[in-house]
Amino acid sequence: MLLGSFKMRPKDMIQACKQTGLVYSIPCKDCETKYIGETGRSLETRQKEHQRSVRLAKTKDLTLAEHVYDNNHSIDWNNS
C-alpha cells in the first residue's frame, strides 16, 4: 500500500489555557514588568491561583501580588 493512500487525521489542538507543563508570562498593565512562571498544572488553573493571591493580597506568597500592591499596578490577565 502506498503511503499517500493513507488518510491523515491530525490530533485535536489543545487550547493554551488547558495545556499542562508550560512556561508562561503574565504582563503588568501599567509597566513593562512581566511575571514568568512554570507550571505542571493547566495554565487556566495556575492563572486562577495567581488571581486569588492578588485578590487576597498574599504578597508573601507571590511576587506578582507584591508587585501589584507595592506599585498600585494591575495585571493584564487577558494577555498572559
# chains A, B, ... in the order shown; residues from 1 in each chain; ligands from 1
call {"tool": "residues_around", "arguments": {"residues": "Tyr24 of chain A", "least_positions_apart": "6", "cutoff": "10 Å", "atoms": "only C-alpha atoms", "output": "ChimeraX atom specification"}}
result
/A:34-39,43,46-47,80
call {"tool": "residues_around", "arguments": {"residues": "Arg55 of chain A", "least_positions_apart": "6", "cutoff": "12 Å", "atoms": "only C-alpha atoms", "output": "list of chain:residue names"}}
result
A:Lys48, A:Glu49, A:Leu62, A:Leu64, A:Ala65, A:Glu66, A:Val68, A:Tyr69, A:Ser74, A:Ile75
call {"tool": "atom_distance", "arguments": {"atom1": "atom CA of Cys28 of chain A", "atom2": "atom CA of His67 of chain A"}}
result
8.9 Å
call {"tool": "atom_distance", "arguments": {"atom1": "atom CA of Ser25 of chain A", "atom2": "atom CA of Asn71 of chain A"}}
result
18.9 Å
call {"tool": "residues_around", "arguments": {"residues": "Ser42 of chain A", "least_positions_apart": "6", "cutoff": "8 Å", "atoms": "only C-alpha atoms", "output": "list in words"}}
result
Cys17, Lys18, Gln19, Thr20, Gly21 and Leu22 of chain A
call {"tool": "select_by_dssp", "arguments": {"residues": "chain A", "states": "strand (DSSP E)", "output": "list in words"}}
result
Leu22, Val23, Tyr24, Ser25, Ile26, Pro27, Lys34, Tyr35, Ile36, Gly37, Glu38 and Thr39 of chain A
call {"tool": "closest_residue", "arguments": {"among": "A:Thr63, A:Trp77, A:Asn72, A:Asp30", "to": "Gln51 of chain A", "atoms": "only C-alpha atoms"}}
result
A:Trp77
call {"tool": "atom_distance", "arguments": {"atom1": "atom CA of Cys31 of chain A", "atom2": "atom CA of Lys60 of chain A"}}
result
21.4 Å
call {"tool": "select_by_dssp", "arguments": {"residues": "chain A", "states": "alpha helix (DSSP H)", "output": "PyMOL selection string"}}
result
chain A and resi 43-55+63-71
call {"tool": "closest_residue", "arguments": {"among": "A:His73, A:Asn78, A:Ile26, A:Gln15", "to": "His50 of chain A", "atoms": "only C-alpha atoms"}}
result
A:Ile26
call {"tool": "decode", "arguments": {"residues": "segment 52-65 of chain A", "atoms": "N, CA and C atoms", "output": "mmCIF file, in the first residue's frame"}}
result
data_model
loop_
_atom_site.group_PDB
_atom_site.id
_atom_site.type_symbol
_atom_site.label_atom_id
_atom_site.label_comp_id
_atom_site.auth_asym_id
_atom_site.auth_seq_id
_atom_site.Cartn_x
_atom_site.Cartn_y
_atom_site.Cartn_z
ATOM 1 N N ARG A 52 -6.313 34.734 42.635
ATOM 2 C CA ARG A 52 -6.720 34.627 44.038
ATOM 3 C C ARG A 52 -5.668 35.255 44.956
ATOM 4 N N SER A 53 -4.402 34.995 44.699
ATOM 5 C CA SER A 53 -3.328 35.558 45.524
ATOM 6 C C SER A 53 -3.300 37.078 45.431
ATOM 7 N N VAL A 54 -3.519 37.614 44.240
ATOM 8 C CA VAL A 54 -3.549 39.069 44.075
ATOM 9 C C VAL A 54 -4.769 39.640 44.792
ATOM 10 N N ARG A 55 -5.931 39.017 44.602
ATOM 11 C CA ARG A 55 -7.174 39.493 45.218
ATOM 12 C C ARG A 55 -7.076 39.487 46.749
ATOM 13 N N LEU A 56 -6.427 38.453 47.306
ATOM 14 C CA LEU A 56 -6.306 38.331 48.758
ATOM 15 C C LEU A 56 -5.048 38.996 49.311
ATOM 16 N N ALA A 57 -4.303 39.675 48.442
ATOM 17 C CA ALA A 57 -3.079 40.398 48.823
ATOM 18 C C ALA A 57 -2.065 39.500 49.505
ATOM 19 N N LYS A 58 -1.867 38.306 48.982
ATOM 20 C CA LYS A 58 -0.889 37.362 49.536
ATOM 21 C C LYS A 58 0.500 37.702 49.000
ATOM 22 N N THR A 59 1.023 38.826 49.442
ATOM 23 C CA THR A 59 2.299 39.319 48.933
ATOM 24 C C THR A 59 3.486 38.483 49.398
ATOM 25 N N LYS A 60 3.362 37.782 50.507
ATOM 26 C CA LYS A 60 4.461 36.930 50.961
ATOM 27 C C LYS A 60 4.542 35.649 50.145
ATOM 28 N N ASP A 61 3.409 35.266 49.532
ATOM 29 C CA ASP A 61 3.356 34.032 48.753
ATOM 30 C C ASP A 61 3.731 34.226 47.292
ATOM 31 N N LEU A 62 3.551 35.427 46.775
ATOM 32 C CA LEU A 62 3.656 35.607 45.343
ATOM 33 C C LEU A 62 4.247 36.955 44.961
ATOM 34 N N THR A 63 5.290 36.928 44.170
ATOM 35 C CA THR A 63 5.940 38.140 43.682
ATOM 36 C C THR A 63 4.973 38.989 42.871
ATOM 37 N N LEU A 64 4.091 38.353 42.127
ATOM 38 C CA LEU A 64 3.113 39.064 41.309
ATOM 39 C C LEU A 64 2.205 39.929 42.179
ATOM 40 N N ALA A 65 1.685 39.376 43.253
ATOM 41 C CA ALA A 65 0.831 40.134 44.173
ATOM 42 C C ALA A 65 1.624 41.260 44.831
#
